[in-house]
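File shown here: upload20.tsv, holding TSV, C-alpha atoms.
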chain	number	residue	atom	x	y	z
U	1	MET	CA	39.59	-9.61	-26.69
U	2	SER	CA	36.93	-11.81	-25.09
U	3	ARG	CA	33.34	-11.80	-26.28
U	4	LEU	CA	32.23	-9.97	-23.13
U	5	ASP	CA	35.05	-7.42	-23.44
U	6	ALA	CA	33.88	-6.64	-26.99
U	7	GLN	CA	30.31	-6.22	-25.78
U	8	VAL	CA	31.48	-3.85	-23.03
U	9	GLU	CA	33.47	-1.80	-25.55
U	10	PHE	CA	30.36	-1.53	-27.73
U	11	LEU	CA	28.19	-0.46	-24.77
U	12	LEU	CA	30.71	2.20	-23.74
U	13	THR	CA	30.92	3.54	-27.31
U	14	CYS	CA	27.12	3.71	-27.33
U	15	ASP	CA	27.31	5.88	-24.20
U	16	ARG	CA	28.22	8.72	-26.57
U	17	LEU	CA	24.64	8.78	-27.87
U	18	LYS	CA	23.90	10.76	-24.70
U	19	ALA	CA	26.03	13.58	-26.15
U	20	VAL	CA	24.28	13.67	-29.55
U	21	THR	CA	22.01	16.71	-29.47
U	22	ARG	CA	18.71	16.90	-31.35
U	23	THR	CA	16.97	20.07	-32.53
U	24	THR	CA	13.94	19.22	-30.34
U	25	LEU	CA	13.82	20.84	-26.90
U	26	LEU	CA	12.60	18.96	-23.84
U	27	HIS	CA	8.93	19.63	-23.11
U	28	SER	CA	10.01	22.11	-20.41
U	29	GLY	CA	12.04	24.01	-23.03
U	30	GLU	CA	15.07	23.94	-20.72
U	31	ARG	CA	17.54	22.38	-23.14
U	32	ALA	CA	17.80	20.30	-26.30
U	33	GLU	CA	16.95	16.63	-26.07
U	34	ASN	CA	19.69	14.08	-26.76
U	35	SER	CA	19.28	10.95	-28.85
U	36	ALA	CA	19.69	8.51	-25.93
U	37	GLU	CA	16.85	9.92	-23.84
U	38	HIS	CA	14.80	10.33	-27.04
U	39	SER	CA	15.24	6.59	-27.70
U	40	TRP	CA	14.08	5.80	-24.18
U	41	HIS	CA	11.02	8.03	-24.58
U	42	LEU	CA	10.10	6.21	-27.79
U	43	ALA	CA	10.37	2.82	-26.08
U	44	LEU	CA	8.03	4.13	-23.38
U	45	MET	CA	5.65	5.34	-26.10
U	46	ALA	CA	5.63	1.85	-27.62
U	47	LEU	CA	4.53	0.49	-24.23
U	48	THR	CA	1.91	3.21	-23.74
U	49	LEU	CA	0.48	3.62	-27.25
U	50	GLY	CA	0.80	0.04	-28.53
U	51	GLU	CA	-2.98	-0.28	-28.88
U	52	TYR	CA	-2.86	2.11	-31.88
U	53	ALA	CA	-0.68	-0.29	-33.91
U	54	PRO	CA	-2.54	-2.70	-36.22
U	55	PRO	CA	-3.36	-6.09	-34.61
U	56	GLY	CA	-0.46	-8.50	-34.99
U	57	THR	CA	2.24	-5.86	-34.66
U	58	ASN	CA	5.02	-7.30	-32.49
U	59	LEU	CA	5.46	-4.56	-29.89
U	60	ASN	CA	8.53	-6.23	-28.40
U	61	ARG	CA	10.22	-5.92	-31.78
U	62	VAL	CA	9.06	-2.30	-32.00
U	63	MET	CA	10.85	-1.62	-28.70
U	64	GLU	CA	14.02	-3.31	-29.91
U	65	LEU	CA	14.03	-1.24	-33.10
U	66	LEU	CA	13.51	1.95	-31.10
U	67	VAL	CA	16.32	1.23	-28.64
U	68	VAL	CA	18.68	0.64	-31.58
U	69	HIS	CA	17.38	3.08	-34.23
U	70	ASP	CA	19.59	6.08	-33.44
U	71	LEU	CA	22.80	4.25	-32.46
U	72	VAL	CA	24.63	5.12	-35.69
U	73	GLU	CA	24.46	8.78	-34.64
U	74	VAL	CA	27.30	7.98	-32.25
U	75	TYR	CA	29.49	8.45	-35.33
U	76	ALA	CA	27.15	10.12	-37.87
U	77	GLY	CA	25.36	12.79	-35.78
U	78	ASP	CA	21.68	13.72	-35.88
U	79	VAL	CA	19.94	15.68	-38.66
U	80	HIS	CA	16.64	17.56	-38.73
U	81	PHE	CA	13.75	15.91	-40.56
U	82	ASP	CA	13.27	18.92	-42.87
U	83	GLN	CA	16.42	18.68	-45.01
U	84	SER	CA	17.37	18.76	-48.70
U	85	GLU	CA	17.58	15.60	-50.84
U	86	ALA	CA	21.37	16.08	-51.29
U	87	SER	CA	21.83	16.37	-47.55
U	88	LYS	CA	19.68	13.25	-47.04
U	89	GLU	CA	21.88	11.21	-49.40
U	90	GLN	CA	25.07	12.33	-47.66
U	91	GLN	CA	23.56	11.40	-44.31
U	92	THR	CA	22.54	7.96	-45.61
U	93	GLN	CA	26.14	7.33	-46.66
U	94	ARG	CA	27.52	8.56	-43.33
U	95	GLU	CA	25.10	6.34	-41.43
U	96	ALA	CA	25.98	3.22	-43.42
U	97	GLU	CA	29.66	3.78	-42.60
U	98	ALA	CA	28.80	4.47	-38.98
U	99	ALA	CA	26.78	1.25	-38.75
U	100	ALA	CA	29.67	-0.83	-40.09
U	101	ARG	CA	32.08	0.80	-37.65
U	102	LEU	CA	29.83	0.64	-34.60
U	103	PHE	CA	28.27	-2.80	-35.01
U	104	GLY	CA	31.71	-4.07	-36.08
U	105	GLN	CA	32.73	-3.78	-32.43
U	106	LEU	CA	30.37	-6.64	-31.59
U	107	PRO	CA	30.91	-10.40	-32.00
U	108	PRO	CA	29.81	-11.50	-35.54
U	109	ASP	CA	26.39	-12.91	-34.53
U	110	GLN	CA	25.47	-9.72	-32.72
U	111	ARG	CA	26.94	-7.53	-35.46
U	112	GLU	CA	24.40	-9.20	-37.72
U	113	MET	CA	21.53	-8.92	-35.23
U	114	PHE	CA	22.02	-5.20	-34.52
U	115	GLY	CA	22.67	-4.43	-38.19
U	116	ALA	CA	19.45	-6.21	-39.15
U	117	ALA	CA	17.42	-4.25	-36.58
U	118	TRP	CA	18.84	-0.95	-37.77
U	119	GLN	CA	18.23	-1.83	-41.43
U	120	GLU	CA	14.68	-2.97	-40.67
U	121	PHE	CA	13.96	0.41	-39.10
U	122	GLU	CA	15.56	2.28	-42.02
U	123	ALA	CA	13.68	0.24	-44.65
U	124	ARG	CA	10.23	1.29	-43.30
U	125	GLN	CA	8.68	-1.94	-44.61
U	126	SER	CA	7.75	-4.21	-41.70
U	127	PRO	CA	4.71	-3.36	-39.56
U	128	GLU	CA	7.10	-3.00	-36.62
U	129	ALA	CA	9.37	-0.52	-38.40
U	130	ARG	CA	6.36	1.48	-39.61
U	131	PHE	CA	4.91	1.79	-36.13
U	132	ALA	CA	8.33	2.63	-34.68
U	133	ARG	CA	8.73	5.40	-37.26
U	134	ALA	CA	5.25	6.75	-36.53
U	135	LEU	CA	6.20	7.13	-32.86
U	136	ASP	CA	9.50	8.72	-33.89
U	137	ALA	CA	7.56	11.25	-35.99
U	138	LEU	CA	5.03	11.96	-33.25
U	139	GLN	CA	7.27	12.30	-30.20
U	140	PRO	CA	8.99	15.62	-31.07
U	141	MET	CA	5.59	17.08	-32.02
U	142	LEU	CA	4.24	16.27	-28.56
U	143	LEU	CA	7.30	17.72	-26.81
U	144	THR	CA	7.24	20.88	-28.88
U	145	TRP	CA	3.56	21.62	-29.43
U	146	GLY	CA	1.71	19.25	-27.06
U	147	PRO	CA	-0.20	20.57	-24.01
U	148	GLY	CA	2.21	22.93	-22.21
U	149	GLY	CA	4.68	23.01	-25.11
U	150	ILE	CA	6.42	26.28	-26.07
U	151	GLY	CA	6.98	25.78	-29.81
U	152	SER	CA	10.11	25.14	-31.85
U	153	ALA	CA	13.17	27.23	-31.01
U	154	ALA	CA	15.20	25.71	-33.87
U	155	HIS	CA	12.49	26.07	-36.52
U	156	PRO	CA	10.07	28.88	-35.58
U	157	GLU	CA	9.25	29.33	-39.29
U	158	LEU	CA	7.72	25.84	-39.59
U	159	THR	CA	4.06	26.26	-40.64
U	160	LEU	CA	1.19	23.90	-39.89
U	161	GLY	CA	1.00	22.95	-43.57
U	162	ARG	CA	4.69	22.20	-43.93
U	163	LEU	CA	4.84	20.27	-40.65
U	164	LEU	CA	1.86	18.05	-41.47
U	165	ALA	CA	3.14	17.43	-45.01
U	166	LEU	CA	6.44	16.24	-43.55
U	167	LYS	CA	4.78	14.06	-40.91
U	168	HIS	CA	2.03	12.59	-43.08
U	169	PRO	CA	4.04	9.73	-44.67
U	170	ALA	CA	5.04	8.30	-41.27
U	171	LEU	CA	1.68	8.79	-39.56
U	172	LYS	CA	-1.00	8.35	-42.22
U	173	ASP	CA	-1.50	4.61	-41.59
U	174	PHE	CA	-2.24	5.10	-37.87
U	175	PRO	CA	-5.57	6.98	-37.75
U	176	GLU	CA	-5.58	7.84	-34.03
U	177	LEU	CA	-1.97	9.04	-34.11
U	178	TRP	CA	-2.46	11.06	-37.29
U	179	GLU	CA	-5.54	12.66	-35.75
U	180	LEU	CA	-3.49	13.47	-32.64
U	181	ALA	CA	-0.75	15.03	-34.80
U	182	GLN	CA	-3.30	17.22	-36.59
U	183	GLN	CA	-4.92	18.28	-33.31
U	184	THR	CA	-1.51	19.05	-31.84
U	185	ALA	CA	-0.56	21.25	-34.80
U	186	ALA	CA	-3.93	23.02	-34.80
U	187	ARG	CA	-3.60	23.72	-31.07
U	188	ALA	CA	-0.14	25.19	-31.65
U	189	VAL	CA	-1.49	27.59	-34.26
U	190	LYS	CA	-4.30	28.62	-31.92
U	191	ALA	CA	-1.80	29.15	-29.08
U	192	GLY	CA	0.29	31.39	-31.34
U	193	ILE	CA	3.40	29.18	-31.22
U	194	MET	CA	3.23	28.04	-34.87
U	195	PRO	CA	2.52	30.06	-38.04
U	196	GLU	CA	-0.50	28.81	-40.01
B	1	MET	CA	-10.34	13.63	-21.06
B	2	SER	CA	-10.08	10.95	-23.77
B	3	ARG	CA	-8.01	7.81	-23.30
B	4	LEU	CA	-5.39	9.08	-25.75
B	5	ASP	CA	-5.27	12.51	-24.10
B	6	ALA	CA	-4.56	10.81	-20.76
B	7	GLN	CA	-1.78	8.75	-22.34
B	8	VAL	CA	-0.24	11.90	-23.83
B	9	GLU	CA	-0.37	13.65	-20.46
B	10	PHE	CA	1.41	10.66	-18.89
B	11	LEU	CA	4.08	10.65	-21.61
B	12	LEU	CA	4.71	14.38	-21.20
B	13	THR	CA	4.98	14.02	-17.42
B	14	CYS	CA	7.50	11.23	-17.98
B	15	ASP	CA	9.56	13.65	-20.07
B	16	ARG	CA	10.74	15.08	-16.74
B	17	LEU	CA	12.80	11.94	-16.15
B	18	LYS	CA	15.33	13.57	-18.50
B	19	ALA	CA	15.88	16.22	-15.81
B	20	VAL	CA	16.45	13.75	-12.94
B	21	THR	CA	20.19	13.72	-12.33
B	22	ARG	CA	22.08	10.66	-11.10
B	23	THR	CA	25.38	10.66	-9.22
B	24	THR	CA	27.02	8.66	-12.04
B	25	LEU	CA	28.92	10.66	-14.65
B	26	LEU	CA	28.78	9.79	-18.35
B	27	HIS	CA	31.71	7.62	-19.40
B	28	SER	CA	33.39	10.75	-20.85
B	29	GLY	CA	33.12	12.40	-17.42
B	30	GLU	CA	31.55	15.47	-19.03
B	31	ARG	CA	28.41	15.63	-16.94
B	32	ALA	CA	26.11	13.59	-14.72
B	33	GLU	CA	23.89	11.01	-16.36
B	34	ASN	CA	20.13	11.46	-16.16
B	35	SER	CA	17.64	8.70	-15.40
B	36	ALA	CA	16.03	8.70	-18.87
B	37	GLU	CA	19.24	8.06	-20.78
B	38	HIS	CA	20.29	5.60	-18.06
B	39	SER	CA	17.06	3.65	-18.68
B	40	TRP	CA	17.79	3.56	-22.40
B	41	HIS	CA	21.32	2.34	-21.77
B	42	LEU	CA	19.98	-0.49	-19.61
B	43	ALA	CA	17.52	-1.54	-22.32
B	44	LEU	CA	20.46	-1.66	-24.74
B	45	MET	CA	22.40	-3.75	-22.23
B	46	ALA	CA	19.50	-6.22	-22.05
B	47	LEU	CA	19.74	-6.60	-25.84
B	48	THR	CA	23.53	-6.94	-25.79
B	49	LEU	CA	24.13	-9.03	-22.66
B	50	GLY	CA	21.01	-11.19	-22.68
B	51	GLU	CA	23.08	-14.35	-23.09
B	52	TYR	CA	24.29	-14.01	-19.49
B	53	ALA	CA	20.77	-14.39	-18.09
B	54	PRO	CA	19.70	-17.92	-17.13
B	55	PRO	CA	17.93	-19.85	-19.93
B	56	GLY	CA	14.21	-19.11	-19.93
B	57	THR	CA	14.57	-15.49	-18.83
B	58	ASN	CA	12.10	-13.41	-20.87
B	59	LEU	CA	14.34	-10.66	-22.22
B	60	ASN	CA	11.41	-8.72	-23.66
B	61	ARG	CA	10.01	-8.45	-20.16
B	62	VAL	CA	13.45	-7.42	-18.87
B	63	MET	CA	13.42	-4.54	-21.37
B	64	GLU	CA	9.93	-3.49	-20.31
B	65	LEU	CA	10.95	-3.46	-16.65
B	66	LEU	CA	14.03	-1.39	-17.45
B	67	VAL	CA	12.15	1.20	-19.50
B	68	VAL	CA	9.71	1.64	-16.59
B	69	HIS	CA	11.92	1.06	-13.52
B	70	ASP	CA	12.95	4.67	-12.82
B	71	LEU	CA	9.73	6.46	-13.82
B	72	VAL	CA	8.69	7.17	-10.23
B	73	GLU	CA	11.77	9.43	-9.95
B	74	VAL	CA	9.79	11.99	-11.91
B	75	TYR	CA	8.24	12.82	-8.54
B	76	ALA	CA	10.53	11.07	-6.04
B	77	GLY	CA	14.06	11.89	-7.36
B	78	ASP	CA	17.06	9.59	-7.56
B	79	VAL	CA	19.17	8.35	-4.63
B	80	HIS	CA	22.65	6.85	-4.48
B	81	PHE	CA	22.89	3.12	-3.85
B	82	ASP	CA	25.09	3.61	-0.77
B	83	GLN	CA	22.57	5.10	1.66
B	84	SER	CA	21.41	4.59	5.23
B	85	GLU	CA	18.52	2.26	6.13
B	86	ALA	CA	16.44	5.23	7.36
B	87	SER	CA	17.01	7.05	4.10
B	88	LYS	CA	16.05	3.89	2.16
B	89	GLU	CA	12.75	3.62	4.02
B	90	GLN	CA	11.89	7.25	3.37
B	91	GLN	CA	12.68	6.78	-0.30
B	92	THR	CA	10.48	3.66	-0.48
B	93	GLN	CA	7.57	5.69	0.90
B	94	ARG	CA	8.21	8.58	-1.50
B	95	GLU	CA	8.35	6.19	-4.45
B	96	ALA	CA	5.09	4.45	-3.56
B	97	GLU	CA	3.35	7.84	-3.46
B	98	ALA	CA	5.02	8.84	-6.72
B	99	ALA	CA	3.88	5.61	-8.40
B	100	ALA	CA	0.26	6.20	-7.39
B	101	ARG	CA	0.40	9.77	-8.64
B	102	LEU	CA	2.21	9.05	-11.91
B	103	PHE	CA	0.50	5.84	-13.00
B	104	GLY	CA	-2.79	7.38	-11.86
B	105	GLN	CA	-2.60	9.60	-14.94
B	106	LEU	CA	-3.14	6.53	-17.13
B	107	PRO	CA	-6.40	4.73	-17.97
B	108	PRO	CA	-7.17	2.06	-15.30
B	109	ASP	CA	-5.91	-0.96	-17.31
B	110	GLN	CA	-2.59	0.72	-18.01
B	111	ARG	CA	-2.32	2.07	-14.47
B	112	GLU	CA	-2.39	-1.56	-13.40
B	113	MET	CA	0.05	-2.71	-16.10
B	114	PHE	CA	2.68	-0.05	-15.36
B	115	GLY	CA	2.24	-0.42	-11.61
B	116	ALA	CA	2.74	-4.16	-11.90
B	117	ALA	CA	5.94	-3.74	-13.92
B	118	TRP	CA	7.35	-1.26	-11.43
B	119	GLN	CA	6.44	-3.50	-8.47
B	120	GLU	CA	7.92	-6.55	-10.17
B	121	PHE	CA	11.21	-4.69	-10.55
B	122	GLU	CA	11.13	-3.48	-6.96
B	123	ALA	CA	10.30	-6.94	-5.55
B	124	ARG	CA	13.49	-8.52	-7.02
B	125	GLN	CA	11.80	-11.92	-7.21
B	126	SER	CA	11.14	-12.85	-10.84
B	127	PRO	CA	14.07	-13.97	-13.04
B	128	GLU	CA	13.36	-10.93	-15.21
B	129	ALA	CA	13.51	-8.46	-12.31
B	130	ARG	CA	16.71	-10.07	-11.01
B	131	PHE	CA	18.45	-9.78	-14.35
B	132	ALA	CA	17.19	-6.21	-14.82
B	133	ARG	CA	18.59	-5.30	-11.40
B	134	ALA	CA	21.92	-6.94	-12.20
B	135	LEU	CA	22.25	-4.73	-15.30
B	136	ASP	CA	21.21	-1.72	-13.22
B	137	ALA	CA	24.00	-2.53	-10.73
B	138	LEU	CA	26.60	-3.11	-13.45
B	139	GLN	CA	25.98	-0.14	-15.74
B	140	PRO	CA	27.27	2.67	-13.47
B	141	MET	CA	30.35	0.56	-12.67
B	142	LEU	CA	31.17	0.31	-16.39
B	143	LEU	CA	30.66	4.03	-16.97
B	144	THR	CA	32.73	5.00	-13.95
B	145	TRP	CA	35.51	2.42	-13.81
B	146	GLY	CA	35.28	0.54	-17.15
B	147	PRO	CA	38.01	0.89	-19.82
B	148	GLY	CA	38.62	4.64	-20.24
B	149	GLY	CA	36.63	5.55	-17.12
B	150	ILE	CA	37.83	8.31	-14.81
B	151	GLY	CA	36.48	7.16	-11.43
B	152	SER	CA	33.67	8.46	-9.24
B	153	ALA	CA	33.48	12.24	-8.73
B	154	ALA	CA	30.56	11.95	-6.29
B	155	HIS	CA	32.07	9.14	-4.19
B	156	PRO	CA	35.88	9.17	-4.49
B	157	GLU	CA	36.11	7.49	-1.05
B	158	LEU	CA	34.38	4.31	-2.26
B	159	THR	CA	36.79	1.39	-1.80
B	160	LEU	CA	36.94	-1.81	-3.80
B	161	GLY	CA	35.71	-3.77	-0.78
B	162	ARG	CA	32.76	-1.49	-0.08
B	163	LEU	CA	31.77	-1.29	-3.74
B	164	LEU	CA	31.80	-5.05	-4.28
B	165	ALA	CA	29.93	-5.67	-1.03
B	166	LEU	CA	27.20	-3.30	-2.21
B	167	LYS	CA	27.04	-4.82	-5.70
B	168	HIS	CA	27.26	-8.49	-4.67
B	169	PRO	CA	23.56	-9.08	-3.89
B	170	ALA	CA	22.42	-7.93	-7.33
B	171	LEU	CA	25.21	-9.59	-9.31
B	172	LYS	CA	26.09	-12.82	-7.49
B	173	ASP	CA	23.68	-15.03	-9.46
B	174	PHE	CA	25.15	-14.01	-12.82
B	175	PRO	CA	28.69	-15.46	-12.87
B	176	GLU	CA	29.99	-13.69	-15.98
B	177	LEU	CA	28.63	-10.32	-14.86
B	178	TRP	CA	29.92	-10.71	-11.30
B	179	GLU	CA	33.34	-11.63	-12.70
B	180	LEU	CA	33.20	-8.53	-14.93
B	181	ALA	CA	32.30	-6.36	-11.92
B	182	GLN	CA	35.25	-7.73	-9.96
B	183	GLN	CA	37.64	-7.22	-12.88
B	184	THR	CA	36.34	-3.69	-13.37
B	185	ALA	CA	36.90	-2.81	-9.70
B	186	ALA	CA	40.37	-4.40	-9.69
B	187	ARG	CA	41.34	-2.45	-12.80
B	188	ALA	CA	40.16	0.79	-11.17
B	189	VAL	CA	42.39	0.15	-8.15
B	190	LYS	CA	45.33	-0.60	-10.43
B	191	ALA	CA	44.65	2.58	-12.44
B	192	GLY	CA	44.67	4.60	-9.20
B	193	ILE	CA	41.06	5.79	-9.54
B	194	MET	CA	39.67	3.76	-6.62
B	195	PRO	CA	41.11	3.23	-3.11
B	196	GLU	CA	41.71	-0.45	-2.29
Would you kindly transcribe this structure into structure tokens?
Amino acid sequence: MSRLDAQVEFLLTCDRLKAVTRTTLLHSGERAENSAEHSWHLALMALTLGEYAPPGTNLNRVMELLVVHDLVEVYAGDVHFDQSEASKEQQTQREAEAAARLFGQLPPDQREMFGAAWQEFEARQSPEARFARALDALQPMLLTWGPGGIGSAAHPELTLGRLLALKHPALKDFPELWELAQQTAARAVKAGIMPE
Amino acid sequence: MSRLDAQVEFLLTCDRLKAVTRTTLLHSGERAENSAEHSWHLALMALTLGEYAPPGTNLNRVMELLVVHDLVEVYAGDVHFDQSEASKEQQTQREAEAAARLFGQLPPDQREMFGAAWQEFEARQSPEARFARALDALQPMLLTWGPGGIGSAAHPELTLGRLLALKHPALKDFPELWELAQQTAARAVKAGIMPE
């Protein structure tokens, strides 16, 4: 198989990300969001909200991480952010296997490049990964409880306290975004679409 | 309205791109692709196929253009690439109005930045816009007629000659990608999913 044929095979496998359903609904509430359009929305957020990253954050790298971050779901599926520790460990194992299988379709240099981007995102260490994860934590909040949002169909029991406790680790280092998350949750309680 | 509130409003308006349906089916054939997941797939293609752009092409800019290029469809809708000149002119007018309306939701500096990216893509002049448009021309061909593809449900009458004539302007300057497009069309004819 030629190098280009392998790249095409990879790109067509990745097409399946459009069939991976998340628990978040679109802002209209019409249907669940899928992981491909979610990844696009995050890349657009990086372009729009880049000024809230610390100076020196490489926003191009943030976009790369976001385009790649959910690819392993092609084989491993998506999971909700509020899950047990045992379930988290199982998912980590599934995703590592999925990464080997998916990126293994690429030529060796690109296998390495995509694997490194995915691992950088997972490791939450670099400024770029941390900002990417903050956007990933914020986006479903905006869709679900932002202006015009209708609340969570999948998790109507989620309280303001529980939600903010879950989101705090990803958002705490970005003051404007953390403030936005808190305002968004408070508005949802006021609108009667989230228990306090 | 604060700067961040305006950015959030813009991002939630852009969520509607997930409801803009294209004529291309997913590679599985299960349903039509939408413009948001299409934009993500193109950004992934820029990461994967960047080596086929001429040296010096700024691939980060290519990704930015691709993330932004379909946004005006939020108000203007999507159109098939095989359309009349009159229909093209109407669409151009609709898209210019949509751009003013959509990017007008952003703070002035970002209104300018997003408008400039969209216009750069539309103008087809910069190396980055040309490569972005080549990927945009190639992607639906791969989904529809690439390995495992099932052919075009919306345009079963499209012949190899007509398809390649329509795709040639966008792809001719990228030899490997133009070769891939020709191979893909030839395979589709051989597989009986495209008239010759």
- Task: Identify which of the residues B:His155, B:Arg31, B:Arg133, B:Lys18 lies closest to chain U, counting only C-alpha atoms when measuring atom-to-atom distances.
- Result: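 So, comparing all the options, the nearest one is B:Lys18.
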Segment 115-185 of chain U near segment 4-11 of chain B within 10 Å: what's each residue's closest atom pair and its distance in Å to one decimal, counting all atoms listed in the file, ordered by chain then ascending residue number, as CSV?
residue,atom,partner,partner_atom,distance
U:Gln139,CA,B:Leu11,CA,9.3
U:Leu142,CA,B:Val8,CA,7.8
U:Leu143,CA,B:Leu11,CA,9.3
U:Gly146,CA,B:Val8,CA,8.3
U:Pro147,CA,B:Glu9,CA,7.8
U:Gly148,CA,B:Glu9,CA,9.8
U:Glu176,CA,B:Leu4,CA,8.4
U:Leu177,CA,B:Leu4,CA,9.0
U:Leu180,CA,B:Leu4,CA,8.4
Write the residues of the selection above to a file with C-alpha atoms, as a PDB file, keeping the file's coordinate frame.
ATOM      1  CA  GLN U 139       7.270  12.300 -30.200  1.00  0.00           C
ATOM      2  CA  LEU U 142       4.240  16.270 -28.560  1.00  0.00           C
ATOM      3  CA  LEU U 143       7.300  17.720 -26.810  1.00  0.00           C
ATOM      4  CA  GLY U 146       1.710  19.250 -27.060  1.00  0.00           C
ATOM      5  CA  PRO U 147      -0.200  20.570 -24.010  1.00  0.00           C
ATOM      6  CA  GLY U 148       2.210  22.930 -22.210  1.00  0.00           C
ATOM      7  CA  GLU U 176      -5.580   7.840 -34.030  1.00  0.00           C
ATOM      8  CA  LEU U 177      -1.970   9.040 -34.110  1.00  0.00           C
ATOM      9  CA  LEU U 180      -3.490  13.470 -32.640  1.00  0.00           C
TER      10      LEU U 180
END
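In chain U, the set of residues within 6 Å of chain B (atoms considered: only C-alpha atoms) is Ala36, Glu37 and Trp40 of chain U.
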- Spatial neighbours of Leu166 of chain B, max dist 8 Å, all atoms listed in the file, sep filter under 3 positions, as a list in words: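 Near neighbours after the sequence-gap exclusion: Phe81, Asp82, Arg162, Leu163 and Pro169 of chain B.
Between atom CA of Pro140 of chain B and atom CA of Ser152 of chain B the separation is 9.6 Å.
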Output as lines of an AutoDock Vina configuration file the centre and edge lengths (Å, one decimal) of the box along x, y and z of the file that holds every listed atom of segment 77-92 of chain B after adding 3 Å on each side.
center_x = 17.8
center_y = 7.1
center_z = -0.1
size_x = 20.6
size_y = 15.6
size_z = 20.9
- Selection: 8 Å around Glu73 of chain B, all atoms listed in the file, excl. self and same-chain fewer than 5 positions, as a list in words: Leu17, Val20, Asp78, Glu95 and Ala98 of chain B
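Take atom CA of Glu85 of chain U and atom CA of Val189 of chain U: the distance between them is 28.0 Å.
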- Once you count all atoms listed in the file, which residues end up no further than 12 Å from (16.1, -0.7, -39.8) in the file's frame, shown as a ChimeraX atom specification? /U:61-62,64-72,95-96,99,113-130,132-133
Complete segment 134-145 of chain U at the level of N, CA, C and O atoms, written as a compact mmCIF listing (two decimals), keeping the file's coordinate frame.
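Generated file (rebuild.txt):
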# COMPACT_ATOMS: atom_id res chain seq x y z
N ALA U 134 6.38 5.86 -36.86
CA ALA U 134 5.25 6.75 -36.53
C ALA U 134 5.47 7.38 -35.16
O ALA U 134 5.27 8.59 -34.97
N LEU U 135 5.93 6.58 -34.20
CA LEU U 135 6.20 7.13 -32.86
C LEU U 135 7.34 8.14 -32.92
O LEU U 135 7.30 9.18 -32.26
N ASP U 136 8.35 7.83 -33.73
CA ASP U 136 9.50 8.72 -33.89
C ASP U 136 9.08 10.05 -34.52
O ASP U 136 9.67 11.10 -34.22
N ALA U 137 8.07 10.01 -35.37
CA ALA U 137 7.56 11.25 -35.99
C ALA U 137 6.69 12.05 -35.02
O ALA U 137 6.66 13.28 -35.04
N LEU U 138 5.98 11.32 -34.16
CA LEU U 138 5.03 11.96 -33.25
C LEU U 138 5.70 12.58 -32.01
O LEU U 138 5.29 13.65 -31.54
N GLN U 139 6.71 11.90 -31.49
CA GLN U 139 7.27 12.30 -30.20
C GLN U 139 7.75 13.76 -30.16
O GLN U 139 7.37 14.52 -29.27
N PRO U 140 8.56 14.21 -31.14
CA PRO U 140 8.99 15.62 -31.07
C PRO U 140 7.83 16.61 -31.22
O PRO U 140 7.88 17.71 -30.68
N MET U 141 6.77 16.20 -31.92
CA MET U 141 5.59 17.08 -32.02
C MET U 141 4.95 17.26 -30.64
O MET U 141 4.56 18.37 -30.28
N LEU U 142 4.85 16.17 -29.89
CA LEU U 142 4.24 16.27 -28.56
C LEU U 142 5.10 17.13 -27.63
O LEU U 142 4.59 17.97 -26.90
N LEU U 143 6.42 16.92 -27.67
CA LEU U 143 7.30 17.72 -26.81
C LEU U 143 7.19 19.20 -27.15
O LEU U 143 7.16 20.05 -26.26
N THR U 144 7.13 19.50 -28.42
CA THR U 144 7.24 20.88 -28.88
C THR U 144 5.92 21.61 -28.84
O THR U 144 5.84 22.78 -28.42
N TRP U 145 4.86 20.94 -29.27
CA TRP U 145 3.56 21.62 -29.43
C TRP U 145 2.44 20.97 -28.62
O TRP U 145 1.29 21.39 -28.70
